[in-house]
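Comments concern the structure below.
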Amino acid sequence: MKILKYLPFVILLALDIGCTKDDNPASSSEEHEHLEADGVLLIMGNDSLYVKSGDENDVVGSFTITEGDTTEEIEVFFYHLEDDEWFQPEHDHDGREEVELDVEEVDTSLLEIHLEDHHWEFRLSGLTHGDTYIRVITIHENHADYISPRLPVTVN
Amino acid sequence: MPGKFTGFTLYVTLLLHISVSLTFAKTQATARSGAIEGVVIHAETGEPLGMVNLLLHEIDAGTSSHLNGEFHLYRIPPGNYTLSATRLGFRENSQLVKVSKNDTVSIKILLTPSLLSLRDVEFSVENQDEGIRHDPVTDLGGGDLQRELGTTIAETVSEEAGISQRSMGPAPARPVLRGLGGDRLLIVEDGRPTGDLSSTSADHAVAIDPMTAGEIEVIRGPETFVYGSGALGGVVNVKRDAIVTNPPHRAQGRATLEGESVNSGLSGGGELIVPAGDFALRVDGSLRVASDMNTPEGKLDNTSITTLNGSMGVSYLPEWGYAGIAVSGYNTEYGIPGGFVGAHPNGIDIQMERQNVAFISRRYFSQSYLKHVDIDYSFARYYHAEFESSGSLGMEFGVLSHQLGVQLHTAPHLGFSRGVIGVEIRTRDYATGGLTFTPSTNETQSSVFLYERREWSRFHINAAARVELKNITPDEQYFSRTLNGNIEDRNFSGWSGSIAGEYYIDRIHRLGVNFTRTFRPPGVEELFSLGPHLAAYSYEKGNPVLSPETGAGSEVYLRIHGTRTNARSAIFVNYINGYIFPQNTGKFSSRRADLYEYRYKGLDAVMFGGELSVDLQVTDAWSLFTSGSYVQGELVETGTPLPQIPPLSGKLGSTFNVNGWSTTMELLGASQQNRLGEFETPTAGWLRLDVTLQYQHIWYGMLHSIVLASENLTDSPYRSHLSRIKVVMPEPGRNIKLIYRVYF
């Protein structure tokens, strides 16, 4: 029976030593850099439209485009609350962890959206007259890091 | 990197060394030299009764009677005990038994048939010595547990007065008691924390399968402070008895098979205890497979469940006490339905696993002031990952937790019949991964507690106090503009306690009152959460400046344990200073405009209400039962109702017993809930009819028990106010359930 005196002690000690912080199953997975965006700014020529944290998520501005026309490049900037600055993520063309821009129209089909890989800009073509909304999304590792509120666009 | 010593490792190692040395030291240990032998007899027919559960409450030692009615309880330390005998269909019989050194007590127990869980108490309250039985508010075991057995612990206990279940689909349900959930209602397994994260979010399941539970008890009042300091609601203790603590007289066990129609579910499980000299081995396991749940309005997609669960324990059971170690594992995969505002269209899939190692020991002493010393150590590794329907990882949680407790159980002293002094240390290594910005943290929690009980003739008092220190250290420290606070070390200290008095008006009626103060430091999720919680369909923001939550509660109750009546009524009020809850801000997150933003707040709140439950045996073959409960909760400053408060609910039923067949019909229901927290929607009232048929028979030396139940027989569509997915689908539709259990 003498071995029993030490058996639980040895098992538990081994277990305890064997389970240090680095063994936490959630910290052992691959680390990914996620985009921390608290707002978005779209610039189309002299027009701009933005929404950012701290402003009650109200969208300031709107775009009006012409039916049958395609806009110039609409540049996309993101707002980072921690640094209180607007930025554009740097694309790492060789890296596997890349954040991609996506823009989608909400509920309607008044627009055609033109996106280019590895660019923080897009263009819109007005298909049909009416009011609609778009969302700006950043995709990373198959899920959305950032999803903007509905951003108003009018097709005249 | 394994092998890296931390301060805690050294601390635990030192304490364990002292503890184990103490356990095995050649000191004046009391030999467990007493024994109880006896026979259980049918009071009306005189026939011996087998498969009767016998339990010595004071030391939680139990066995079951053989087919010839005989039973044996060995290695009992000298003392006075309450021995209770229970079997489905019979009135519980409790006797006061005095065990002397090197003596064997012989007793005969008569069991009277009864439809209700009534109790024959064969000693008067005036003559009670130290034989004070542990008396939980709710105690589900044996046939009652089999009849109520559900997919989750919450579903299993949800029909008890005052209990409702928070849910987000069938798998991640968690009980709520008197409107109090989360950390305010502790769920422990064999008295130990589970190490899971079920208290932190509605989508996190409790990592316990009711299939392997032997008994589920709900404890309130001073005794809860043996388990923790913040459980204003109480403690749900799931007794699995993974480590055998009393020498079994023979190999014994049980096996269960269950099938249900509402989700095409099939589950099975079993338990086996084998004696081997001074040792005992116990193994258990269960497997549960269920498809998507049917409701009266159609199938609720993404609600399937697969759970594998098991444990193995070895015990050494010499005369000085016992020591044992058990390992257990719990793996489950389940779905969270989607399809509503803020939800992922196709829902979220969750994979969860928990591994646990536990070591316990008890050593009896002969000193006049010390009865026994208990040592309890457990380690749990918990992991869960949430996946979008595309298969991509949304977020993951990992928790490594250690818990070490030492309890000194005192012998009767200074007029106190029972006392416990305890020290407990818990650590938690918490990490998150995937799409989240919540920092990883380390937590250390140290507690000292005292529990005492004293009797003055008809007046009994229980009291407990607990002092707790808690430290939370994030891996990185910085100022967060997003959370508007510092991510930094937080240290908390405070005290909690309770005093409860009970007056025995006569042998049947008891009047009680208790006052409770709780102390609950905020958790890491409440302080530092930041990120989308996809399965909870929320964007969570912690509050780094939260203060501890303190509760002050009081309850007055009347209990009746008569020969034909079992009743309990209570009124209560709980005032919570700085009640911490995730408040829906009503706006979408600035980072994820598809998710509502929830921000943790600490606001003063008050909850009050009452409960009533009555069981009445009208004739030998017919009984009636009813229960009801109500709670109202609101914020003190504004009077705004608190969210997730259950409406008035209750049940009314009747049981008939014919030739060993027991038939129960019960009507369950709840009123509408129009007292709504911010951004909550109202819930309509509902009624549901359940019918249950139960039969027990001893065949080939084994007790066979069959339950055939139809839940929601009329397939009525109804919604639970505490369901986060009530807007998508109602609660389960008609469910035909067959449960077969054999005891051997």
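Convention: chains lettered A, B, ... in structure tokens order; per-chain residue numbering from 1; ligands numbered from 1 as shown.
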Spatial neighbours of stretch 281-285 of chain B, 7 Å, only C-alpha atoms, chain gap at least 2 places, as a ChimeraX atom specification: /B:212,242-244,269-275,279,309-315
Identify, on the basis of only C-alpha atoms, every residue whose closest approach to B:Arg192 does not exceed 12 Å; exclude the query and any residue fewer than 4 positions from it along the same chain; express the result as a ChimeraX atom specification. /B:186-188,196,208,226-228,235-242,356-360,375-380,401-405,424,426
Produce a file of the selected residues containing C-alpha atoms, as a CSV table (one decimal), in the first residue's frame.
```csv
chain,number,residue,atom,x,y,z
B,186,LEU,CA,-24.2,27.3,-9.4
B,187,ILE,CA,-24.3,24.0,-11.2
B,188,VAL,CA,-21.8,21.5,-9.7
B,196,ASP,CA,-17.6,24.8,-18.4
B,208,ILE,CA,-23.1,17.3,-17.7
B,226,VAL,CA,-19.8,25.6,1.0
B,227,TYR,CA,-19.8,25.7,-2.8
B,228,GLY,CA,-19.4,29.4,-3.6
B,235,VAL,CA,-26.8,25.4,-6.1
B,236,VAL,CA,-27.8,22.5,-8.4
B,237,ASN,CA,-25.7,19.5,-7.4
B,238,VAL,CA,-25.7,16.7,-9.8
B,239,LYS,CA,-24.7,13.6,-7.9
B,240,ARG,CA,-22.9,11.2,-10.2
B,241,ASP,CA,-20.7,9.7,-7.4
B,242,ALA,CA,-17.9,9.1,-9.9
B,356,ASN,CA,-11.7,16.2,-15.9
B,357,VAL,CA,-9.6,14.6,-13.2
B,358,ALA,CA,-10.7,14.6,-9.6
B,359,PHE,CA,-9.1,13.3,-6.5
B,360,ILE,CA,-10.9,13.1,-3.2
B,375,ILE,CA,-9.5,16.9,0.6
B,376,ASP,CA,-10.8,17.6,-2.9
B,377,TYR,CA,-8.8,18.4,-6.0
B,378,SER,CA,-9.9,18.7,-9.5
B,379,PHE,CA,-8.6,19.8,-12.8
B,380,ALA,CA,-10.8,20.5,-15.8
B,401,SER,CA,-9.2,25.2,-14.2
B,402,HIS,CA,-7.8,23.8,-11.0
B,403,GLN,CA,-9.7,23.6,-7.8
B,404,LEU,CA,-8.3,22.5,-4.4
B,405,GLY,CA,-10.4,22.4,-1.3
B,424,GLU,CA,-10.6,26.6,-1.3
B,426,ARG,CA,-9.4,28.0,-7.7
```
May I have all residues of stretch 203-391 of chain B that DSSP, computed from the backbone, assigns to strand (DSSP E), given as a PyMOL selection string? chain B and resi 215-219+234-239+252-260+265-276+279-290+293-295+298-300+305-316+321-336+348-364+370-388
Of the candidates A:Pro89, A:Pro149, A:Gly45, A:Pro25, which shows the shortest atom-to-atom distance to A:Thr71, using only C-alpha atoms?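 When distances to A:Thr71 are compared using only C-alpha atoms, the smallest one comes from A:Gly45.
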Quick one: residues within 10 Å of A:Tyr146, only C-alpha atoms counted, chain neighbours fewer than 3 positions away excluded, as a VMD selection string? (chain A and resid 34 to 40 78 101 135 to 140 143 149) or (chain B and resid 589 to 594)
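Atom CA of B:Ala171 is found 24.8 Å from atom CA of B:Ile580.
In this structure, atom CA of B:Thr563 sits 24.2 Å away from atom CA of B:Ile219.
When only C-alpha atoms are used to compute distances to chain B, the closest of the residues A:Asp47, A:Asp84, A:Glu112, A:Asp69 turns out to be A:Asp84.
Counting only C-alpha atoms, the residue from B:Met702, B:Val40, B:Ala411, B:Ile163 that sits nearest to B:Glu70 is B:Val40.
Non-sequential neighbours of B:Phe519 (distance at most 6 Å, separation of 6 or more positions within a chain, only C-alpha atoms) are B:Ser229, B:Gly230, B:Ser496, B:Glu549, B:Thr550.
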Tell me which protein, DNA and RNA residues are within 10 Å of B:Thr427, counting only C-alpha atoms, leaving out same-chain ones fewer than 2 positions away, and put them as a short mmCIF file (atom, residue, chain, number, x, y, z; two decimals) with N, CA and C atoms, in the first residue's frame.
```cif
data_model
loop_
_atom_site.label_atom_id
_atom_site.label_comp_id
_atom_site.auth_asym_id
_atom_site.auth_seq_id
_atom_site.Cartn_x
_atom_site.Cartn_y
_atom_site.Cartn_z
N PHE B 8 1.26 28.89 -8.91
CA PHE B 8 0.15 28.07 -8.46
C PHE B 8 0.55 26.59 -8.37
N PHE B 379 -9.11 19.00 -11.71
CA PHE B 379 -8.59 19.76 -12.84
C PHE B 379 -9.53 19.54 -14.01
N VAL B 399 -10.53 26.80 -21.46
CA VAL B 399 -10.38 27.08 -20.02
C VAL B 399 -9.66 25.92 -19.37
N LEU B 400 -8.59 26.23 -18.65
CA LEU B 400 -7.93 25.23 -17.80
C LEU B 400 -8.19 25.66 -16.37
N SER B 401 -8.84 24.82 -15.61
CA SER B 401 -9.16 25.25 -14.24
C SER B 401 -8.73 24.19 -13.23
N HIS B 402 -8.20 24.69 -12.14
CA HIS B 402 -7.81 23.85 -11.01
C HIS B 402 -8.64 24.26 -9.80
N GLN B 403 -8.95 23.29 -8.98
CA GLN B 403 -9.67 23.61 -7.76
C GLN B 403 -9.16 22.70 -6.66
N LEU B 404 -8.77 23.29 -5.56
CA LEU B 404 -8.31 22.51 -4.41
C LEU B 404 -9.06 22.96 -3.17
N ILE B 425 -9.07 26.96 -3.10
CA ILE B 425 -8.32 27.77 -4.06
C ILE B 425 -8.75 27.32 -5.45
N ASP B 429 -7.38 29.51 -16.25
CA ASP B 429 -6.64 30.06 -17.39
C ASP B 429 -7.64 30.14 -18.54
N TYR B 430 -7.98 31.34 -18.93
CA TYR B 430 -9.06 31.55 -19.90
C TYR B 430 -8.47 32.14 -21.18
N ASN B 442 -5.72 35.21 -16.62
CA ASN B 442 -5.53 34.24 -15.55
C ASN B 442 -6.31 34.72 -14.34
N GLU B 443 -6.99 33.80 -13.68
CA GLU B 443 -7.75 34.16 -12.49
C GLU B 443 -7.34 33.29 -11.32
N THR B 444 -7.29 33.88 -10.16
CA THR B 444 -7.06 33.12 -8.93
C THR B 444 -8.13 33.53 -7.92
N GLN B 445 -8.70 32.53 -7.31
CA GLN B 445 -9.77 32.79 -6.36
C GLN B 445 -9.49 31.99 -5.09
N SER B 446 -9.44 32.65 -3.96
CA SER B 446 -9.17 31.97 -2.69
C SER B 446 -10.34 32.25 -1.73
N LYS B 470 -10.37 37.50 -5.11
CA LYS B 470 -10.28 37.10 -6.51
C LYS B 470 -9.40 38.08 -7.27
N ASN B 471 -8.54 37.53 -8.09
CA ASN B 471 -7.66 38.35 -8.91
C ASN B 471 -7.83 37.93 -10.36
N ILE B 472 -7.98 38.91 -11.23
CA ILE B 472 -8.05 38.64 -12.68
C ILE B 472 -6.93 39.42 -13.35
#
```
Using only C-alpha atoms, the residue out of A:Leu81, A:Val103, A:Ile65, A:Leu111 with shortest distance to chain B is A:Leu81
Neighbours of B:Ala684 within 10 Å (only C-alpha atoms; same-chain residues fewer than 6 positions away dropped), as a VMD selection string? chain B and resid 647 670 to 674 718 to 721
For B:Pro439, find every residue with an atom within 12 Å (counting only C-alpha atoms), except residues of its own chain fewer than 4 positions away, and show them as a PyMOL selection string. (chain A and resi 26-27) or (chain B and resi 397+429-435+472-478+480+486-489+524-525+527-531+542+544)
Output of the above residues as a compact mmCIF listing (two decimals), in the first residue's frame, restricted to N, CA and C atoms:
```txt
# COMPACT_ATOMS: atom_id res chain seq x y z
N ALA A 26 -7.55 26.88 -26.59
CA ALA A 26 -7.95 28.01 -27.43
C ALA A 26 -6.76 28.86 -27.83
N SER A 27 -5.68 28.80 -27.08
CA SER A 27 -4.52 29.61 -27.45
C SER A 27 -3.56 28.84 -28.32
N PHE B 397 -13.23 29.01 -27.28
CA PHE B 397 -12.92 29.28 -25.88
C PHE B 397 -12.13 28.11 -25.32
N ASP B 429 -7.38 29.51 -16.25
CA ASP B 429 -6.64 30.06 -17.39
C ASP B 429 -7.64 30.14 -18.54
N TYR B 430 -7.98 31.34 -18.93
CA TYR B 430 -9.06 31.55 -19.90
C TYR B 430 -8.47 32.14 -21.18
N ALA B 431 -8.79 31.54 -22.29
CA ALA B 431 -8.29 32.07 -23.57
C ALA B 431 -9.39 31.97 -24.61
N THR B 432 -9.33 32.89 -25.54
CA THR B 432 -10.28 32.86 -26.65
C THR B 432 -9.50 32.89 -27.96
N GLY B 433 -10.13 32.42 -29.01
CA GLY B 433 -9.51 32.46 -30.33
C GLY B 433 -10.56 32.75 -31.36
N GLY B 434 -10.13 32.87 -32.62
CA GLY B 434 -11.06 33.18 -33.68
C GLY B 434 -11.35 34.67 -33.72
N LEU B 435 -12.55 35.02 -34.16
CA LEU B 435 -12.90 36.42 -34.35
C LEU B 435 -13.35 37.03 -33.02
N ILE B 472 -7.98 38.91 -11.23
CA ILE B 472 -8.05 38.64 -12.68
C ILE B 472 -6.93 39.42 -13.35
N THR B 473 -6.06 38.68 -14.06
CA THR B 473 -4.92 39.32 -14.72
C THR B 473 -4.97 39.07 -16.21
N PRO B 474 -5.21 40.12 -16.99
CA PRO B 474 -5.16 39.93 -18.45
C PRO B 474 -3.72 39.80 -18.94
N ASP B 475 -3.55 39.07 -20.02
CA ASP B 475 -2.20 38.88 -20.57
C ASP B 475 -1.58 40.20 -21.02
N GLU B 476 -2.43 41.06 -21.59
CA GLU B 476 -1.94 42.37 -22.02
C GLU B 476 -2.70 43.45 -21.27
N GLN B 477 -2.00 44.53 -20.95
CA GLN B 477 -2.65 45.61 -20.22
C GLN B 477 -2.58 46.89 -21.05
N TYR B 478 -3.71 47.53 -21.26
CA TYR B 478 -3.76 48.73 -22.09
C TYR B 478 -5.08 49.46 -21.84
N SER B 480 -8.44 50.73 -23.38
CA SER B 480 -9.30 50.43 -24.52
C SER B 480 -10.31 51.55 -24.70
N ASN B 486 -9.65 50.63 -18.72
CA ASN B 486 -8.34 49.97 -18.76
C ASN B 486 -8.50 48.46 -18.71
N ILE B 487 -7.79 47.80 -19.59
CA ILE B 487 -7.67 46.35 -19.51
C ILE B 487 -6.47 46.12 -18.58
N GLU B 488 -6.76 45.80 -17.35
CA GLU B 488 -5.69 45.74 -16.35
C GLU B 488 -6.09 44.76 -15.24
N ASP B 489 -5.16 44.53 -14.32
CA ASP B 489 -5.43 43.66 -13.18
C ASP B 489 -6.66 44.16 -12.41
N VAL B 524 -14.47 37.49 -16.19
CA VAL B 524 -13.66 38.08 -17.26
C VAL B 524 -14.52 38.45 -18.46
N GLU B 525 -15.56 37.65 -18.71
CA GLU B 525 -16.44 37.95 -19.85
C GLU B 525 -17.19 39.25 -19.61
N LEU B 527 -16.15 41.73 -17.76
CA LEU B 527 -15.23 42.86 -17.72
C LEU B 527 -14.65 43.21 -19.09
N PHE B 528 -14.17 42.19 -19.79
CA PHE B 528 -13.30 42.47 -20.94
C PHE B 528 -13.80 41.96 -22.29
N SER B 529 -15.01 41.36 -22.34
CA SER B 529 -15.49 40.82 -23.62
C SER B 529 -15.44 41.88 -24.71
N LEU B 530 -15.01 41.48 -25.87
CA LEU B 530 -15.09 42.37 -27.02
C LEU B 530 -15.07 41.53 -28.29
N GLY B 531 -16.16 41.57 -28.97
CA GLY B 531 -16.19 40.85 -30.24
C GLY B 531 -17.54 40.24 -30.51
N GLY B 542 -17.61 44.22 -22.97
CA GLY B 542 -17.48 44.17 -21.52
C GLY B 542 -17.46 45.56 -20.92
N PRO B 544 -14.93 47.24 -18.21
CA PRO B 544 -13.75 47.01 -17.34
C PRO B 544 -13.85 47.64 -15.96
```
To one decimal place, how far is atom CA of B:Gly602 from atom CA of B:Val636 in Å?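 Atom CA of B:Val636 lies at a distance of 11.7 Å from atom CA of B:Gly602.
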